[in-house]
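File shown: coords01.tsv. Contents: TSV, C-alpha atoms.
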```tsv
chain	number	residue	atom	x	y	z
A	7	MET	CA	24.23	-2.24	14.86
A	8	SER	CA	24.67	-0.81	18.34
A	9	ASN	CA	27.50	-2.32	20.40
A	10	ASN	CA	25.35	-1.95	23.52
A	11	PRO	CA	21.89	-3.22	22.64
A	12	THR	CA	18.93	-2.05	24.69
A	13	THR	CA	16.76	-4.88	25.98
A	14	ILE	CA	13.08	-4.01	26.37
A	15	GLY	CA	10.82	-6.23	28.48
A	16	VAL	CA	7.42	-6.88	26.89
A	17	GLY	CA	4.11	-7.64	28.56
A	18	LEU	CA	0.97	-8.67	26.66
A	19	ILE	CA	-2.66	-8.43	27.71
A	20	SER	CA	-4.98	-10.68	25.67
A	21	VAL	CA	-3.51	-13.40	23.47
A	22	GLY	CA	-5.96	-13.47	20.58
A	23	TRP	CA	-5.07	-12.95	16.93
A	24	MET	CA	-3.94	-9.35	17.48
A	25	GLY	CA	-1.98	-10.23	20.59
A	26	GLN	CA	-0.13	-12.90	18.66
A	27	LEU	CA	0.56	-10.38	15.90
A	28	HIS	CA	2.00	-7.87	18.39
A	29	SER	CA	4.23	-10.62	19.77
A	30	ARG	CA	5.61	-11.54	16.35
A	31	ALA	CA	6.17	-7.86	15.57
A	32	TYR	CA	8.21	-7.37	18.74
A	33	SER	CA	10.33	-10.41	17.87
A	34	ASP	CA	10.88	-9.17	14.30
A	35	VAL	CA	12.07	-5.66	15.17
A	36	PRO	CA	15.67	-6.71	16.00
A	37	VAL	CA	15.84	-8.67	12.73
A	38	VAL	CA	14.34	-6.00	10.45
A	39	TYR	CA	16.03	-3.03	12.15
A	40	PRO	CA	19.30	-4.41	13.57
A	41	GLU	CA	21.02	-1.01	13.53
A	42	LEU	CA	18.67	0.28	16.25
A	43	GLY	CA	20.31	-1.95	18.82
A	44	ILE	CA	16.92	-2.91	20.28
A	45	ARG	CA	16.38	-6.36	21.75
A	46	THR	CA	12.96	-7.49	22.88
A	47	ARG	CA	12.29	-9.90	25.73
A	48	LEU	CA	8.82	-11.46	25.91
A	49	VAL	CA	8.35	-11.48	29.67
A	50	ILE	CA	4.72	-12.25	30.56
A	51	ALA	CA	1.33	-12.57	28.83
A	52	ALA	CA	-2.13	-12.43	30.40
A	53	ASP	CA	-5.37	-13.98	29.16
A	54	THR	CA	-8.47	-15.18	31.02
A	55	ASN	CA	-8.61	-18.12	28.60
A	56	GLU	CA	-6.21	-20.71	30.06
A	57	GLU	CA	-5.49	-22.32	26.67
A	58	ARG	CA	-4.47	-18.98	25.14
A	59	ALA	CA	-2.33	-18.14	28.15
A	60	ARG	CA	-0.48	-21.45	27.74
A	61	PHE	CA	-0.10	-20.76	24.01
A	62	ALA	CA	1.64	-17.48	24.81
A	63	GLN	CA	4.21	-19.28	26.91
A	64	ASN	CA	4.61	-22.53	24.98
A	65	VAL	CA	4.41	-21.21	21.42
A	66	LEU	CA	4.95	-17.44	21.32
A	67	GLY	CA	7.87	-17.66	23.74
A	68	TYR	CA	6.78	-15.61	26.75
A	69	GLU	CA	8.68	-16.54	29.89
A	70	SER	CA	5.47	-16.79	31.92
A	71	SER	CA	1.71	-16.42	31.64
A	72	THR	CA	-1.17	-15.49	33.90
A	73	SER	CA	-4.94	-15.01	33.99
A	74	ASP	CA	-4.67	-11.65	35.80
A	75	TYR	CA	-3.50	-8.65	33.77
A	76	ASN	CA	-2.34	-6.94	36.96
A	77	ASP	CA	0.50	-9.47	37.09
A	78	VAL	CA	1.75	-7.94	33.84
A	79	LEU	CA	1.55	-4.40	35.22
A	80	ASN	CA	3.31	-5.35	38.46
A	81	HIS	CA	6.12	-7.36	36.88
A	82	PRO	CA	9.41	-5.50	37.46
A	83	ASP	CA	10.94	-6.66	34.17
A	84	VAL	CA	8.09	-5.34	31.98
A	85	ASP	CA	8.88	-2.01	30.30
A	86	VAL	CA	6.18	-1.89	27.61
A	87	VAL	CA	2.69	-3.38	27.51
A	88	SER	CA	0.54	-4.32	24.53
A	89	VAL	CA	-3.22	-4.15	25.14
A	90	CYS	CA	-5.15	-6.26	22.62
A	91	ALA	CA	-8.28	-6.89	24.69
A	92	PRO	CA	-11.84	-6.15	23.46
A	93	ASN	CA	-13.02	-2.53	23.25
A	94	PHE	CA	-14.97	-2.54	26.52
A	95	LEU	CA	-11.75	-3.18	28.46
A	96	HIS	CA	-9.62	-0.53	26.73
A	97	GLU	CA	-10.34	2.35	29.12
A	98	GLU	CA	-9.83	0.25	32.25
A	99	ILE	CA	-6.67	-1.51	31.13
A	100	GLY	CA	-5.16	1.40	29.18
A	101	THR	CA	-5.52	3.67	32.20
A	102	ALA	CA	-4.06	1.00	34.49
A	103	VAL	CA	-1.01	0.54	32.23
A	104	ALA	CA	-0.35	4.29	32.26
A	105	GLU	CA	-0.76	4.52	36.03
A	106	ALA	CA	1.73	1.65	36.37
A	107	GLY	CA	4.26	3.78	34.48
A	108	LYS	CA	4.62	1.39	31.55
A	109	SER	CA	4.78	2.44	27.91
A	110	LEU	CA	1.48	1.53	26.25
A	111	TRP	CA	0.76	0.05	22.80
A	112	ILE	CA	-3.02	-0.30	22.59
A	113	GLU	CA	-5.31	-1.31	19.77
A	114	LYS	CA	-7.91	1.09	18.44
A	115	PRO	CA	-10.40	2.50	19.19
A	116	VAL	CA	-8.89	2.89	22.72
A	117	GLY	CA	-12.38	3.62	24.09
A	118	ARG	CA	-16.03	3.00	23.29
A	119	SER	CA	-16.51	6.76	23.21
A	120	ALA	CA	-14.44	9.91	22.91
A	121	GLU	CA	-14.87	10.33	26.68
A	122	GLU	CA	-13.38	6.90	27.43
A	123	THR	CA	-10.50	7.59	25.08
A	124	GLU	CA	-9.90	10.94	26.77
A	125	SER	CA	-9.59	9.14	30.11
A	126	VAL	CA	-6.73	7.06	28.73
A	127	VAL	CA	-5.13	10.19	27.21
A	128	ASP	CA	-5.33	12.01	30.56
A	129	ALA	CA	-3.82	9.04	32.42
A	130	ALA	CA	-1.00	8.71	29.90
A	131	ASP	CA	-0.25	12.44	29.90
A	132	ASP	CA	-0.33	12.61	33.71
A	133	ALA	CA	2.07	9.66	33.96
A	134	GLU	CA	4.18	10.98	31.05
A	135	VAL	CA	4.33	7.53	29.44
A	136	VAL	CA	4.91	6.81	25.77
A	137	THR	CA	1.88	5.51	23.88
A	138	ALA	CA	1.11	4.00	20.49
A	139	VAL	CA	-2.19	3.02	18.87
A	140	GLY	CA	-2.81	0.29	16.29
A	141	PHE	CA	-3.65	2.44	13.27
A	142	ASN	CA	-1.50	0.14	11.15
A	143	TYR	CA	-2.74	1.18	7.68
A	144	ARG	CA	-0.95	4.52	7.92
A	145	ASN	CA	2.33	2.54	7.96
A	146	ALA	CA	1.85	1.16	4.43
A	147	PRO	CA	4.82	2.43	2.38
A	148	ALA	CA	2.50	3.63	-0.40
A	149	ILE	CA	0.60	5.74	2.15
A	150	GLU	CA	3.83	7.19	3.54
A	151	TYR	CA	4.79	8.14	-0.02
A	152	ALA	CA	1.34	9.64	-0.68
A	153	ARG	CA	1.64	11.74	2.46
A	154	LYS	CA	5.03	13.02	1.29
A	155	ILE	CA	3.67	13.94	-2.15
A	156	ILE	CA	0.81	15.92	-0.61
A	157	ALA	CA	3.12	17.63	1.91
A	158	GLU	CA	5.38	18.71	-0.96
A	159	GLY	CA	2.40	20.29	-2.74
A	160	LYS	CA	2.61	18.11	-5.84
A	161	LEU	CA	-1.17	17.68	-5.98
A	162	GLY	CA	-1.74	21.41	-5.65
A	163	ARG	CA	-4.57	22.56	-3.44
A	164	ILE	CA	-6.53	19.59	-2.08
A	165	THR	CA	-10.18	19.85	-3.11
A	166	ASN	CA	-11.82	16.59	-2.06
A	167	VAL	CA	-11.17	13.20	-0.50
A	168	ARG	CA	-12.94	9.86	-0.79
A	169	GLY	CA	-12.36	6.92	1.51
A	170	ALA	CA	-14.12	3.60	2.02
A	171	PHE	CA	-13.50	0.55	4.17
A	172	PHE	CA	-15.76	-2.16	2.75
A	173	ALA	CA	-15.39	-5.59	4.34
A	174	ASP	CA	-17.42	-8.81	4.17
A	175	TYR	CA	-16.70	-10.32	7.58
A	176	SER	CA	-20.38	-9.97	8.55
A	177	ALA	CA	-21.98	-10.45	5.14
A	178	GLU	CA	-23.15	-13.92	6.22
A	179	PRO	CA	-26.60	-13.48	7.90
A	180	ASN	CA	-25.74	-16.26	10.37
A	181	GLY	CA	-22.43	-14.68	11.30
A	182	ALA	CA	-21.96	-14.99	15.06
A	183	LEU	CA	-23.12	-12.23	17.39
A	184	SER	CA	-19.69	-11.52	18.88
A	185	TRP	CA	-18.98	-8.66	21.29
A	186	ARG	CA	-18.51	-6.36	18.28
A	187	PHE	CA	-22.27	-6.25	17.73
A	188	ILE	CA	-23.19	-5.39	21.34
A	189	ARG	CA	-23.17	-1.67	22.16
A	190	GLY	CA	-22.19	-2.09	25.81
A	191	LEU	CA	-19.09	-4.05	24.77
A	192	ALA	CA	-18.06	-2.44	21.47
A	193	GLY	CA	-19.70	0.97	21.50
A	194	SER	CA	-20.56	1.84	17.92
A	195	GLY	CA	-20.34	-0.70	15.08
A	196	VAL	CA	-18.39	0.11	11.93
A	197	LEU	CA	-18.04	3.74	13.00
A	198	GLY	CA	-15.53	2.84	15.71
A	199	ASP	CA	-14.27	-0.43	14.26
A	200	LEU	CA	-13.56	0.46	10.63
A	201	LEU	CA	-14.28	4.14	10.09
A	202	GLY	CA	-11.92	5.03	12.92
A	203	HIS	CA	-9.06	3.62	10.83
A	204	LEU	CA	-10.20	5.65	7.84
A	205	THR	CA	-10.46	8.83	9.90
A	206	ASP	CA	-6.92	8.39	11.19
A	207	LEU	CA	-5.71	7.92	7.63
A	208	ALA	CA	-7.48	11.12	6.55
A	209	HIS	CA	-5.91	13.01	9.45
A	210	TYR	CA	-2.44	11.60	8.78
A	211	VAL	CA	-2.42	12.29	5.04
A	212	VAL	CA	-4.67	15.35	4.60
A	213	GLY	CA	-5.19	16.89	8.05
A	214	PRO	CA	-7.70	17.31	10.88
A	215	ILE	CA	-11.44	17.12	10.20
A	216	ASP	CA	-13.49	19.85	11.89
A	217	LYS	CA	-17.12	19.21	10.80
A	218	VAL	CA	-19.14	16.09	10.01
A	219	THR	CA	-22.59	14.77	9.16
A	220	GLY	CA	-23.70	11.33	8.06
A	221	VAL	CA	-26.06	8.38	7.73
A	222	ALA	CA	-26.04	4.78	8.99
A	223	ASN	CA	-28.06	1.58	8.89
A	224	THR	CA	-28.10	-1.99	10.17
A	225	ALA	CA	-28.60	-4.63	7.49
A	226	TYR	CA	-29.08	-7.59	9.86
A	227	THR	CA	-30.92	-6.69	13.07
A	228	GLU	CA	-30.45	-10.14	14.66
A	229	ARG	CA	-27.63	-12.68	14.71
A	230	PRO	CA	-27.05	-16.03	16.47
A	231	LYS	CA	-25.47	-15.78	19.90
A	232	GLN	CA	-21.86	-16.70	20.50
A	233	GLN	CA	-20.29	-17.63	23.84
A	234	MET	CA	-18.10	-14.81	25.07
A	235	GLY	CA	-14.39	-15.53	24.63
A	236	SER	CA	-14.88	-18.29	22.06
A	237	GLY	CA	-14.36	-17.83	18.33
A	238	SER	CA	-14.63	-14.51	16.52
A	239	HIS	CA	-16.98	-12.41	14.41
A	240	PHE	CA	-15.88	-14.46	11.38
A	241	ASP	CA	-17.65	-17.56	12.76
A	242	VAL	CA	-20.95	-18.79	11.31
A	243	VAL	CA	-23.56	-20.31	13.68
A	244	GLU	CA	-26.32	-22.37	12.09
A	245	GLY	CA	-29.58	-22.75	14.02
A	246	GLY	CA	-28.43	-20.80	17.05
A	247	GLU	CA	-30.50	-18.65	19.39
A	248	MET	CA	-30.94	-15.18	17.87
A	249	ALA	CA	-30.25	-11.90	19.66
A	250	PRO	CA	-30.38	-8.23	18.60
A	251	VAL	CA	-27.54	-6.44	16.80
A	252	GLU	CA	-27.14	-3.19	18.73
A	253	ASN	CA	-24.98	-1.07	16.44
A	254	GLU	CA	-24.61	-0.15	12.77
A	255	ASP	CA	-23.46	-2.33	9.85
A	256	TYR	CA	-22.89	0.66	7.54
A	257	ALA	CA	-21.95	4.28	8.13
A	258	GLY	CA	-21.19	7.12	5.75
A	259	LEU	CA	-19.79	10.50	6.78
A	260	LEU	CA	-19.55	13.76	4.87
A	261	VAL	CA	-16.56	15.62	6.28
A	262	HIS	CA	-14.89	19.03	6.12
A	263	PHE	CA	-11.18	19.59	6.78
A	264	GLY	CA	-10.33	22.40	9.17
A	265	PRO	CA	-8.14	25.49	8.64
A	266	GLU	CA	-5.04	23.90	10.20
A	267	ALA	CA	-5.15	20.89	7.82
A	268	ARG	CA	-2.73	20.64	4.92
A	269	GLY	CA	-5.89	20.14	2.86
A	270	ALA	CA	-7.65	23.07	4.57
A	271	GLY	CA	-11.18	23.62	3.28
A	272	ALA	CA	-11.33	20.32	1.43
A	273	VAL	CA	-14.43	18.16	1.73
A	274	GLY	CA	-14.89	14.43	1.45
A	275	THR	CA	-16.80	11.24	2.08
A	276	LEU	CA	-15.76	8.41	4.41
A	277	GLU	CA	-17.72	5.15	4.31
A	278	ALA	CA	-17.50	1.84	6.14
A	279	SER	CA	-19.44	-1.42	5.90
A	280	ARG	CA	-18.99	-4.87	7.42
A	281	VAL	CA	-21.74	-6.55	5.33
A	282	CYS	CA	-20.59	-5.95	1.73
A	283	VAL	CA	-20.79	-8.95	-0.60
A	284	GLY	CA	-17.75	-8.82	-2.86
A	285	PRO	CA	-15.10	-6.68	-1.18
A	286	ARG	CA	-12.98	-8.67	1.28
A	287	ALA	CA	-10.96	-5.88	2.88
A	288	GLU	CA	-11.27	-3.07	0.35
A	289	TYR	CA	-9.77	-0.17	2.20
A	290	SER	CA	-9.53	2.57	-0.40
A	291	PHE	CA	-8.37	6.16	-0.05
A	292	GLU	CA	-8.39	8.83	-2.77
A	293	VAL	CA	-7.13	12.43	-2.66
A	294	TYR	CA	-7.90	14.95	-5.40
A	295	GLY	CA	-6.12	18.28	-5.93
A	296	THR	CA	-5.90	21.11	-8.42
A	297	GLU	CA	-2.65	19.74	-9.92
A	298	GLY	CA	-3.02	16.00	-9.46
A	299	SER	CA	-4.64	13.09	-7.66
A	300	LEU	CA	-3.75	9.80	-6.04
A	301	ARG	CA	-5.56	6.67	-4.92
A	302	TRP	CA	-4.70	3.55	-2.92
A	303	ASN	CA	-6.47	0.33	-2.01
A	304	PHE	CA	-5.35	-1.99	0.79
A	305	GLU	CA	-6.33	-5.05	-1.25
A	306	ARG	CA	-3.48	-3.91	-3.55
A	307	MET	CA	-1.38	-2.52	-0.74
A	308	ASN	CA	1.87	-2.33	-2.68
A	309	GLU	CA	0.50	-0.11	-5.45
A	310	LEU	CA	-0.26	3.60	-5.69
A	311	GLU	CA	-2.11	5.22	-8.58
A	312	LEU	CA	-0.86	8.73	-9.28
A	313	ALA	CA	-1.97	11.43	-11.72
A	314	LEU	CA	0.05	14.63	-12.07
A	315	GLY	CA	-1.09	17.41	-14.37
A	316	TYR	CA	-4.14	17.75	-16.60
A	317	LYS	CA	-2.62	18.42	-20.04
A	318	GLY	CA	-0.63	16.39	-22.54
A	319	PRO	CA	-0.72	12.79	-23.80
A	320	HIS	CA	-0.24	11.13	-20.40
A	321	VAL	CA	-3.12	12.61	-18.46
A	322	GLY	CA	-4.71	10.11	-16.09
A	323	PHE	CA	-3.65	7.65	-13.43
A	324	THR	CA	-0.37	5.74	-13.63
A	325	ARG	CA	0.17	2.66	-11.51
A	326	ILE	CA	3.33	2.86	-9.39
A	327	MET	CA	4.67	-0.20	-7.59
A	328	ALA	CA	5.91	0.38	-4.04
A	329	GLY	CA	9.66	0.06	-3.85
A	330	PRO	CA	12.73	1.28	-1.94
A	331	ASP	CA	11.68	4.96	-2.23
A	332	PHE	CA	8.44	4.22	-0.37
A	333	GLY	CA	8.62	4.42	3.44
A	334	ASP	CA	10.17	1.33	5.05
A	335	PHE	CA	9.62	-0.93	2.03
A	336	SER	CA	13.30	-1.81	1.57
A	337	ARG	CA	13.40	-3.19	5.12
A	338	PHE	CA	11.17	-6.05	4.02
A	339	GLN	CA	11.72	-6.59	0.29
A	340	PRO	CA	14.67	-5.93	-2.04
A	341	GLY	CA	12.72	-4.32	-4.89
A	342	ALA	CA	9.37	-3.36	-6.35
A	343	GLY	CA	7.08	-6.20	-7.36
A	344	THR	CA	7.84	-8.37	-4.34
A	345	SER	CA	5.00	-7.53	-2.02
A	346	MET	CA	4.85	-6.65	1.65
A	347	GLY	CA	1.94	-7.90	3.76
A	348	TYR	CA	-0.35	-6.85	6.61
A	349	ASP	CA	1.89	-8.29	9.32
A	350	ASP	CA	4.80	-6.17	8.10
A	351	LEU	CA	2.82	-3.02	8.91
A	352	LYS	CA	2.73	-4.12	12.54
A	353	VAL	CA	6.51	-4.55	12.57
A	354	ILE	CA	6.84	-0.93	11.41
A	355	GLU	CA	4.37	0.08	14.11
A	356	ALA	CA	6.34	-1.81	16.77
A	357	LYS	CA	9.56	-0.18	15.61
A	358	LYS	CA	8.07	3.31	15.90
A	359	PHE	CA	6.67	2.52	19.35
A	360	LEU	CA	9.94	1.12	20.68
A	361	LEU	CA	11.93	4.05	19.26
A	362	ALA	CA	9.63	6.43	21.15
A	363	HIS	CA	10.00	4.29	24.27
A	364	ILE	CA	13.79	4.72	24.27
A	365	GLY	CA	13.44	8.46	23.72
A	366	GLN	CA	14.18	8.74	20.03
A	367	GLU	CA	12.16	10.74	17.50
A	368	SER	CA	9.23	8.78	16.08
A	369	VAL	CA	6.25	10.00	14.05
A	370	HIS	CA	3.58	7.48	14.97
A	371	ALA	CA	-0.06	7.21	16.03
A	372	ASP	CA	-0.51	7.67	19.77
A	373	VAL	CA	-3.47	8.14	22.10
A	374	HIS	CA	-3.88	11.77	21.00
A	375	ASP	CA	-4.38	10.54	17.44
A	376	ALA	CA	-6.90	8.00	18.74
A	377	LEU	CA	-8.79	10.76	20.55
A	378	ALA	CA	-8.83	12.88	17.38
A	379	ALA	CA	-10.24	9.98	15.36
A	380	ASN	CA	-12.79	9.12	18.05
A	381	ARG	CA	-14.01	12.69	18.26
A	382	VAL	CA	-14.81	12.53	14.55
A	383	VAL	CA	-16.45	9.10	14.91
A	384	TYR	CA	-18.67	10.08	17.79
A	385	ALA	CA	-19.46	13.52	16.36
A	386	GLY	CA	-20.55	11.49	13.34
A	387	GLU	CA	-22.74	9.31	15.56
A	388	ARG	CA	-24.39	12.43	17.03
A	389	ALA	CA	-24.83	13.88	13.55
A	390	ILE	CA	-26.54	10.71	12.35
A	391	ALA	CA	-28.86	10.64	15.37
A	392	THR	CA	-29.83	14.31	15.04
A	393	GLU	CA	-29.66	14.59	11.23
A	394	SER	CA	-27.40	17.61	11.59
A	395	TRP	CA	-23.85	18.85	11.13
A	396	GLN	CA	-21.61	18.50	14.17
A	397	THR	CA	-18.40	20.35	15.01
A	398	VAL	CA	-15.35	18.26	15.94
A	399	ASP	CA	-13.19	19.60	18.77
A	400	HIS	CA	-9.52	19.91	17.84
A	401	VAL	CA	-6.92	17.72	19.59
A	402	GLU	CA	-3.43	19.06	20.25
A	403	GLY	CA	-0.25	17.02	19.86
A	404	THR	CA	-1.32	14.65	17.09
A	405	SER	CA	0.66	13.52	14.05
A	406	ALA	CA	-1.95	14.92	11.64
A	407	SER	CA	-0.68	16.54	8.46
A	408	THR	CA	-1.03	20.31	8.82
A	409	GLY	CA	-0.31	23.46	6.89
A	410	GLY	CA	2.60	24.34	9.14
A	411	ASP	CA	1.24	25.32	12.56
A	412	SER	CA	3.43	24.85	15.62
A	413	THR	CA	1.68	21.69	16.88
A	414	ARG	CA	2.81	19.61	13.91
A	415	LYS	CA	5.19	16.85	15.01
A	416	GLU	CA	6.44	15.64	11.63
A	417	PRO	CA	8.93	17.13	9.15
A	418	ILE	CA	7.54	17.79	5.69
A	419	ASP	CA	9.58	14.95	4.16
A	420	ALA	CA	8.61	12.35	6.77
```
Go ahead and express the file in the form of structure tokens.
Amino acid sequence: MSNNPTTIGVGLISVGWMGQLHSRAYSDVPVVYPELGIRTRLVIAADTNEERARFAQNVLGYESSTSDYNDVLNHPDVDVVSVCAPNFLHEEIGTAVAEAGKSLWIEKPVGRSAEETESVVDAADDAEVVTAVGFNYRNAPAIEYARKIIAEGKLGRITNVRGAFFADYSAEPNGALSWRFIRGLAGSGVLGDLLGHLTDLAHYVVGPIDKVTGVANTAYTERPKQQMGSGSHFDVVEGGEMAPVENEDYAGLLVHFGPEARGAGAVGTLEASRVCVGPRAEYSFEVYGTEGSLRWNFERMNELELALGYKGPHVGFTRIMAGPDFGDFSRFQPGAGTSMGYDDLKVIEAKKFLLAHIGQESVHADVHDALAANRVVYAGERAIATESWQTVDHVEGTSASTGGDSTRKEPIDA
């Protein structure tokens, strides 16, 4: 532990479920990583809902609260700001945080389009502020281990990838029409909400995608209205006034990995659905190579299935339990078989963000990674609309896994 701990002042914008999760993650960093000498101070939280603003102060432990997010940006004791507001506010608030000179931790997708995301990237780059984006699934220790195996070449040449994010949070036909279903507020549906996560995972583990085509559909074209700012998309409204669903419930992309990717030339499928009956949060990712394969499912987050070689009596997948050799696992549990959870991934994310804030090396998702994912998502949206293949413009300075070009930020054994 450092003898001279660094205290970092935290500001929060939007105190919903994710805002509360960010707050707990900040508070846990000094406990989980005491040797870093980082102390977090919850300074001020903003929410237009008065009850949530009071909750931030009375329960989460913020020193003050406000209804105006500009109070967070203007507070002299705030060093870093978490933005957990709905998608339609990401460009406005993310840009404002950067222009205020504060380090920015913002939830995906950062913008409702690649253009909105690029505005935040430009503001952050111009202000030279540190950024982080909530692509938390890449922090799962089993995924970190999978990335290392691929980087070391143990799967041979990567041939194909399969990923799916199948959730049931909108499987109920009377599920509330929250902002997520309204194009002007959310942008795309599962393309930006769920498939963006999957795209980031593909970039992080296999490498940048350079071409895409796809299909999409909407299973339920109408849903009962929900008052803005109340409840969530998990709510069910019986007998309510119906209104149109303006974006897709399902999307499937066929993708090609570019020449700079560690899996250069590989192809794959990425699918997402919010209306599946059966899967709860089945976020699965599979990578196949000439010498081996691996697969992972978030519903069994602490397991990795690995197959190495194609001869002999033990051909096929072997289940491996995440343990101390996997990423940051030992920071949370003493040994394999005692599971980590979703919230722990946010603690890892907070640690990486705060390390970057104080100027130390940190391989983490930032706004450049968000732009790379969004360019795939919205190229996919164009491809679906035009029934064509679309090229994805490359983004410099990401943490994507590459074959060794000079833009790569991570060491091979990260």
- prompt: Which of these residues is nearest to Thr324 in chain A, using all atoms listed in the file: A:Asp199, A:Glu311, A:Glu244, A:Glu105?
  reply: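 Closest residue, counting all atoms listed in the file: A:Glu311.
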task: Could you jot down the CA of Ile188 in chain A to CA of Glu252 in chain A separation for me, Å, one decimal place?
output: 5.2 Å
field: Selection: 12 Å around Ile156 in chain A, all atoms listed in the file, excl. self and same-chain fewer than 4 positions, as a PyMOL selection string
entry: chain A and resi 149-152+160-165+208+210-213+267-269+292-300+312+314+407-409+418-420
- prompt: Residues at most 6 Å from range 340-357 of chain A, counting only C-alpha atoms, excluding those fewer than 3 positions away in the same chain, as number ranges by chain?
  reply: A: 31, 142, 145, 327-329, 336, 360
- request: Rank nothing, just name the residue among A:Ala173, A:Leu377, A:Val89, A:Leu66 nearest to Asp128 in chain A, using all atoms listed in the file.
  value: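 Closest candidate: A:Leu377.
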message: Applying 10 Å and all atoms listed in the file, which residues near Ala102 in chain A remain after dropping the ones on its own chain fewer than 4 positions away? List them as a VMD selection string.
response: chain A and resid 75 to 76 79 96 to 98 106 to 108 110 126 129 to 130
